[in-house]
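Written out below as structure tokens is the structure these notes cover.
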Amino acid sequence: GESVGLHLPTLSVQEGDNSIINCAYSNSASDYFIWYKQESGKGPQFIIDIRSNMDKRQGQRVTVLLNKTVKHLSLQIAATQPGDSAVYFCAENVAGGTSYGKLTFGQGTILTVHP
Amino acid sequence: DSGVTQTPKHLITATGQRVTLRCSPRSGDLSVYWYQQSLDQGLQFLIHYYNGEERAKGNILERFSAQQFPDLHSELNLSSLELGDSALYFCASSPHGGNEQFFGPGTRLTVL
């Protein structure tokens, strides 16, 4: 059949606002959940990760929240800047075994920050 | 700049052909990963090598193969190319295995 392109969710915010990007995951066995950012024309770039036994982790201007009950992950970006405009991917990692190093990426969310 | 280099940047070829994509990891990184990014499938893990040995495999087609050499650079070989193989191919590296992988700029493959 005909393949169609992924229709990525989009989020548009004003500079200085806080952004929240959401992700639903499927694998309850994942040990880590990770956020990556991909700017136009570049490879993905690691932002932050969280272990499955935690529910919150903070970095510089970013906070990741994990709700295992509903299999939901979110990335909060404080004081969003135009340079934050990119596609944001959540990813899962099962540590060890035959899946060692294998990141399973979600479809991505396009974040656009307006000055 | 992640420190990971990939060549070539662009590659245009015909169906049925074979190509080799090359990756040099960051200095000191022992792990190399290959990913495919396409419009319809998103970003998909292909394979992971650690210090020359295969460690994990994703949904990599049998027409595709990879290796990591003693100097730790890696090559991804794609053969009997089909139109659907057109995509961005990323290489990433990390010191060992792990969540923080450093991605190269990618090779854009176009199969005509």
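Please note that chains go A, B, ... in the order of the structure tokens, that every chain numbers its residues from 1, and that ligands are numbered from 1 in the order shown.
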Proximity check chain B to chain A, 7 Å, nearest pairs one decimal Å, only C-alpha atoms, as JSON lines:
{"residue": "B:Leu39", "atom": "CA", "partner": "A:Gly5", "partner_atom": "CA", "distance": 5.0}
{"residue": "B:Asp40", "atom": "CA", "partner": "A:Gly5", "partner_atom": "CA", "distance": 4.3}
{"residue": "B:Gly42", "atom": "CA", "partner": "A:Gln107", "partner_atom": "CA", "distance": 5.9}
{"residue": "B:Leu43", "atom": "CA", "partner": "A:Phe105", "partner_atom": "CA", "distance": 6.2}
{"residue": "B:Gln44", "atom": "CA", "partner": "A:Phe105", "partner_atom": "CA", "distance": 6.9}
{"residue": "B:Phe45", "atom": "CA", "partner": "A:Lys102", "partner_atom": "CA", "distance": 6.5}
{"residue": "B:His48", "atom": "CA", "partner": "A:Gly101", "partner_atom": "CA", "distance": 6.6}
{"residue": "B:Arg55", "atom": "CA", "partner": "A:Tyr100", "partner_atom": "CA", "distance": 6.5}
{"residue": "B:Ala56", "atom": "CA", "partner": "A:Thr98", "partner_atom": "CA", "distance": 5.3}
{"residue": "B:Gly97", "atom": "CA", "partner": "A:Gly101", "partner_atom": "CA", "distance": 5.0}
{"residue": "B:Gly98", "atom": "CA", "partner": "A:Gly101", "partner_atom": "CA", "distance": 5.5}
{"residue": "B:Asn99", "atom": "CA", "partner": "A:Ile34", "partner_atom": "CA", "distance": 6.9}
{"residue": "B:Glu100", "atom": "CA", "partner": "A:Phe46", "partner_atom": "CA", "distance": 5.7}
{"residue": "B:Gln101", "atom": "CA", "partner": "A:Phe46", "partner_atom": "CA", "distance": 6.8}
{"residue": "B:Phe102", "atom": "CA", "partner": "A:Gln45", "partner_atom": "CA", "distance": 6.7}
{"residue": "B:Phe103", "atom": "CA", "partner": "A:Gly43", "partner_atom": "CA", "distance": 5.3}
{"residue": "B:Gly104", "atom": "CA", "partner": "A:Gly43", "partner_atom": "CA", "distance": 5.8}
{"residue": "B:Pro105", "atom": "CA", "partner": "A:Gly43", "partner_atom": "CA", "distance": 5.1}
{"residue": "B:Gly106", "atom": "CA", "partner": "A:Gly43", "partner_atom": "CA", "distance": 6.5}
Give me the residues within 7 Å of B:Thr7 as a short mmCIF file (atom, residue, chain, number, x, y, z; two decimals) with C-alpha atoms, in the first residue's frame, counting only C-alpha atoms and dropping any in the same chain fewer than 2 places off.
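See out-v5.cif below for the written result:
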data_model
loop_
_atom_site.label_atom_id
_atom_site.label_comp_id
_atom_site.auth_asym_id
_atom_site.auth_seq_id
_atom_site.Cartn_x
_atom_site.Cartn_y
_atom_site.Cartn_z
CA THR B 5 32.13 12.28 11.40
CA LYS B 9 27.28 13.72 3.25
CA LEU B 21 28.58 4.59 4.50
CA ARG B 22 31.45 5.44 6.81
CA CYS B 23 31.57 6.66 10.37
CA THR B 107 24.45 10.65 5.28
#
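Comparing the minimum interatomic distances between A:Thr112 and each of A:Asp84, A:Asp31, A:Asp55, A:Glu39, counting only C-alpha atoms, we find that A:Asp84 sits nearest.
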Task: Shell of 12 Å around A:Asp17, only C-alpha atoms, local chain residues under 6 positions omitted, as a list in words - done: Leu11, Arg61, Gln76, Ile77, Ala78, Ala79, Thr80, Gln81, Pro82, Asp84, Thr112, Val113, His114 and Pro115 of chain A
Output file for the residues above (N, CA, C and O atoms, as an mmCIF file, in the first residue's frame):
data_model
loop_
_atom_site.group_PDB
_atom_site.id
_atom_site.type_symbol
_atom_site.label_atom_id
_atom_site.label_comp_id
_atom_site.auth_asym_id
_atom_site.auth_seq_id
_atom_site.Cartn_x
_atom_site.Cartn_y
_atom_site.Cartn_z
ATOM 1 N N LEU A 11 4.023 22.027 18.604
ATOM 2 C CA LEU A 11 3.809 22.899 19.746
ATOM 3 C C LEU A 11 4.430 24.241 19.397
ATOM 4 O O LEU A 11 5.595 24.313 19.022
ATOM 5 N N ARG A 61 17.408 24.129 32.883
ATOM 6 C CA ARG A 61 16.192 24.629 32.235
ATOM 7 C C ARG A 61 15.235 23.526 31.791
ATOM 8 O O ARG A 61 14.207 23.786 31.180
ATOM 9 N N GLN A 76 9.713 19.301 30.272
ATOM 10 C CA GLN A 76 9.359 20.694 30.499
ATOM 11 C C GLN A 76 10.594 21.555 30.247
ATOM 12 O O GLN A 76 11.655 21.271 30.794
ATOM 13 N N ILE A 77 10.424 22.582 29.434
ATOM 14 C CA ILE A 77 11.512 23.511 29.147
ATOM 15 C C ILE A 77 11.110 24.869 29.716
ATOM 16 O O ILE A 77 10.062 25.417 29.347
ATOM 17 N N ALA A 78 11.904 25.378 30.608
ATOM 18 C CA ALA A 78 11.599 26.675 31.233
ATOM 19 C C ALA A 78 12.153 27.810 30.366
ATOM 20 O O ALA A 78 13.207 27.683 29.740
ATOM 21 N N ALA A 79 11.397 28.914 30.365
ATOM 22 C CA ALA A 79 11.852 30.118 29.659
ATOM 23 C C ALA A 79 12.354 29.781 28.262
ATOM 24 O O ALA A 79 13.511 30.012 27.920
ATOM 25 N N THR A 80 11.463 29.222 27.459
ATOM 26 C CA THR A 80 11.833 28.724 26.128
ATOM 27 C C THR A 80 12.420 29.839 25.270
ATOM 28 O O THR A 80 11.937 30.979 25.276
ATOM 29 N N GLN A 81 13.468 29.495 24.526
ATOM 30 C CA GLN A 81 14.186 30.449 23.689
ATOM 31 C C GLN A 81 14.072 30.029 22.222
ATOM 32 O O GLN A 81 13.859 28.848 21.918
ATOM 33 N N PRO A 82 14.248 30.969 21.302
ATOM 34 C CA PRO A 82 14.192 30.601 19.875
ATOM 35 C C PRO A 82 15.140 29.458 19.514
ATOM 36 O O PRO A 82 14.838 28.641 18.654
ATOM 37 N N ASP A 84 15.610 26.901 21.086
ATOM 38 C CA ASP A 84 15.017 25.627 21.482
ATOM 39 C C ASP A 84 14.146 25.044 20.371
ATOM 40 O O ASP A 84 13.687 23.900 20.479
ATOM 41 N N THR A 112 8.148 25.012 17.996
ATOM 42 C CA THR A 112 8.484 26.274 17.349
ATOM 43 C C THR A 112 8.355 27.377 18.389
ATOM 44 O O THR A 112 7.309 27.509 19.032
ATOM 45 N N VAL A 113 9.411 28.156 18.534
ATOM 46 C CA VAL A 113 9.420 29.252 19.506
ATOM 47 C C VAL A 113 9.422 30.565 18.740
ATOM 48 O O VAL A 113 10.331 30.832 17.946
ATOM 49 N N HIS A 114 8.417 31.374 18.989
ATOM 50 C CA HIS A 114 8.292 32.661 18.305
ATOM 51 C C HIS A 114 8.889 33.767 19.169
ATOM 52 O O HIS A 114 8.600 33.852 20.359
ATOM 53 N N PRO A 115 9.726 34.631 18.543
ATOM 54 C CA PRO A 115 10.349 35.718 19.322
ATOM 55 C C PRO A 115 9.302 36.727 19.794
ATOM 56 O O PRO A 115 8.236 36.859 19.206
#
TODO: Check the smallest atom-to-atom distance from each of A:Lys68, A:Lys56, A:Ile20, A:Asn27 to A:Tyr88 using only C-alpha atoms, then report the winner.
DONE: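 Of A:Lys68, A:Lys56, A:Ile20, A:Asn27, the one nearest A:Tyr88 is A:Ile20, counting only C-alpha atoms.
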Task: Minimum-distance residue to B:Gly84, chosen among B:His96, B:Asp29, B:Phe64, B:Thr15 (using only C-alpha atoms) - done: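 Selected residue with least distance to B:Gly84: B:Thr15.
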Task: Separation of atom CA of A:Val62 from atom CA of A:Ile21, in Å and rounded to one decimal - done: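 Between these atoms lies a distance of 10.9 Å.
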Task: Who sits within 7 Å of B:Gln36, only C-alpha atoms, same chain under 2 positions skipped, as a PyMOL selection string - done: chain B and resi 34+38+43-46+87-90
Suppose we keep N, CA, C and O atoms; can you now write the selection as a PDB file, in the first residue's frame?
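Below you can see out_6.pdb, which holds the result:
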ATOM      1  N   TRP B  34      24.190   2.613  14.492  1.00  0.00           N
ATOM      2  CA  TRP B  34      23.645   3.096  13.230  1.00  0.00           C
ATOM      3  C   TRP B  34      22.128   3.201  13.345  1.00  0.00           C
ATOM      4  O   TRP B  34      21.470   2.318  13.881  1.00  0.00           O
ATOM      5  N   SER B  38      13.663   8.041   8.277  1.00  0.00           N
ATOM      6  CA  SER B  38      12.884   8.262   7.069  1.00  0.00           C
ATOM      7  C   SER B  38      11.576   8.938   7.442  1.00  0.00           C
ATOM      8  O   SER B  38      11.161   8.925   8.604  1.00  0.00           O
ATOM      9  N   LEU B  43      12.811   7.546  13.278  1.00  0.00           N
ATOM     10  CA  LEU B  43      14.203   7.237  13.590  1.00  0.00           C
ATOM     11  C   LEU B  43      14.276   5.806  14.126  1.00  0.00           C
ATOM     12  O   LEU B  43      13.741   5.497  15.186  1.00  0.00           O
ATOM     13  N   GLN B  44      14.934   4.935  13.374  1.00  0.00           N
ATOM     14  CA  GLN B  44      14.953   3.509  13.696  1.00  0.00           C
ATOM     15  C   GLN B  44      16.374   3.028  13.960  1.00  0.00           C
ATOM     16  O   GLN B  44      17.274   3.267  13.154  1.00  0.00           O
ATOM     17  N   PHE B  45      16.529   2.311  15.055  1.00  0.00           N
ATOM     18  CA  PHE B  45      17.814   1.709  15.402  1.00  0.00           C
ATOM     19  C   PHE B  45      18.117   0.562  14.451  1.00  0.00           C
ATOM     20  O   PHE B  45      17.251  -0.273  14.167  1.00  0.00           O
ATOM     21  N   LEU B  46      19.350   0.504  13.963  1.00  0.00           N
ATOM     22  CA  LEU B  46      19.756  -0.589  13.082  1.00  0.00           C
ATOM     23  C   LEU B  46      20.661  -1.575  13.811  1.00  0.00           C
ATOM     24  O   LEU B  46      20.366  -2.769  13.875  1.00  0.00           O
ATOM     25  N   ALA B  87      16.834   7.547   2.644  1.00  0.00           N
ATOM     26  CA  ALA B  87      16.673   7.988   4.032  1.00  0.00           C
ATOM     27  C   ALA B  87      17.937   8.706   4.465  1.00  0.00           C
ATOM     28  O   ALA B  87      18.931   8.760   3.740  1.00  0.00           O
ATOM     29  N   LEU B  88      17.874   9.236   5.679  1.00  0.00           N
ATOM     30  CA  LEU B  88      19.059   9.742   6.355  1.00  0.00           C
ATOM     31  C   LEU B  88      19.602   8.628   7.223  1.00  0.00           C
ATOM     32  O   LEU B  88      18.838   7.999   7.979  1.00  0.00           O
ATOM     33  N   TYR B  89      20.880   8.379   7.138  1.00  0.00           N
ATOM     34  CA  TYR B  89      21.512   7.352   7.963  1.00  0.00           C
ATOM     35  C   TYR B  89      22.459   8.044   8.935  1.00  0.00           C
ATOM     36  O   TYR B  89      23.378   8.745   8.528  1.00  0.00           O
ATOM     37  N   PHE B  90      22.185   7.826  10.213  1.00  0.00           N
ATOM     38  CA  PHE B  90      23.003   8.433  11.247  1.00  0.00           C
ATOM     39  C   PHE B  90      23.878   7.382  11.917  1.00  0.00           C
ATOM     40  O   PHE B  90      23.456   6.265  12.188  1.00  0.00           O
TER      41      PHE B  90
END
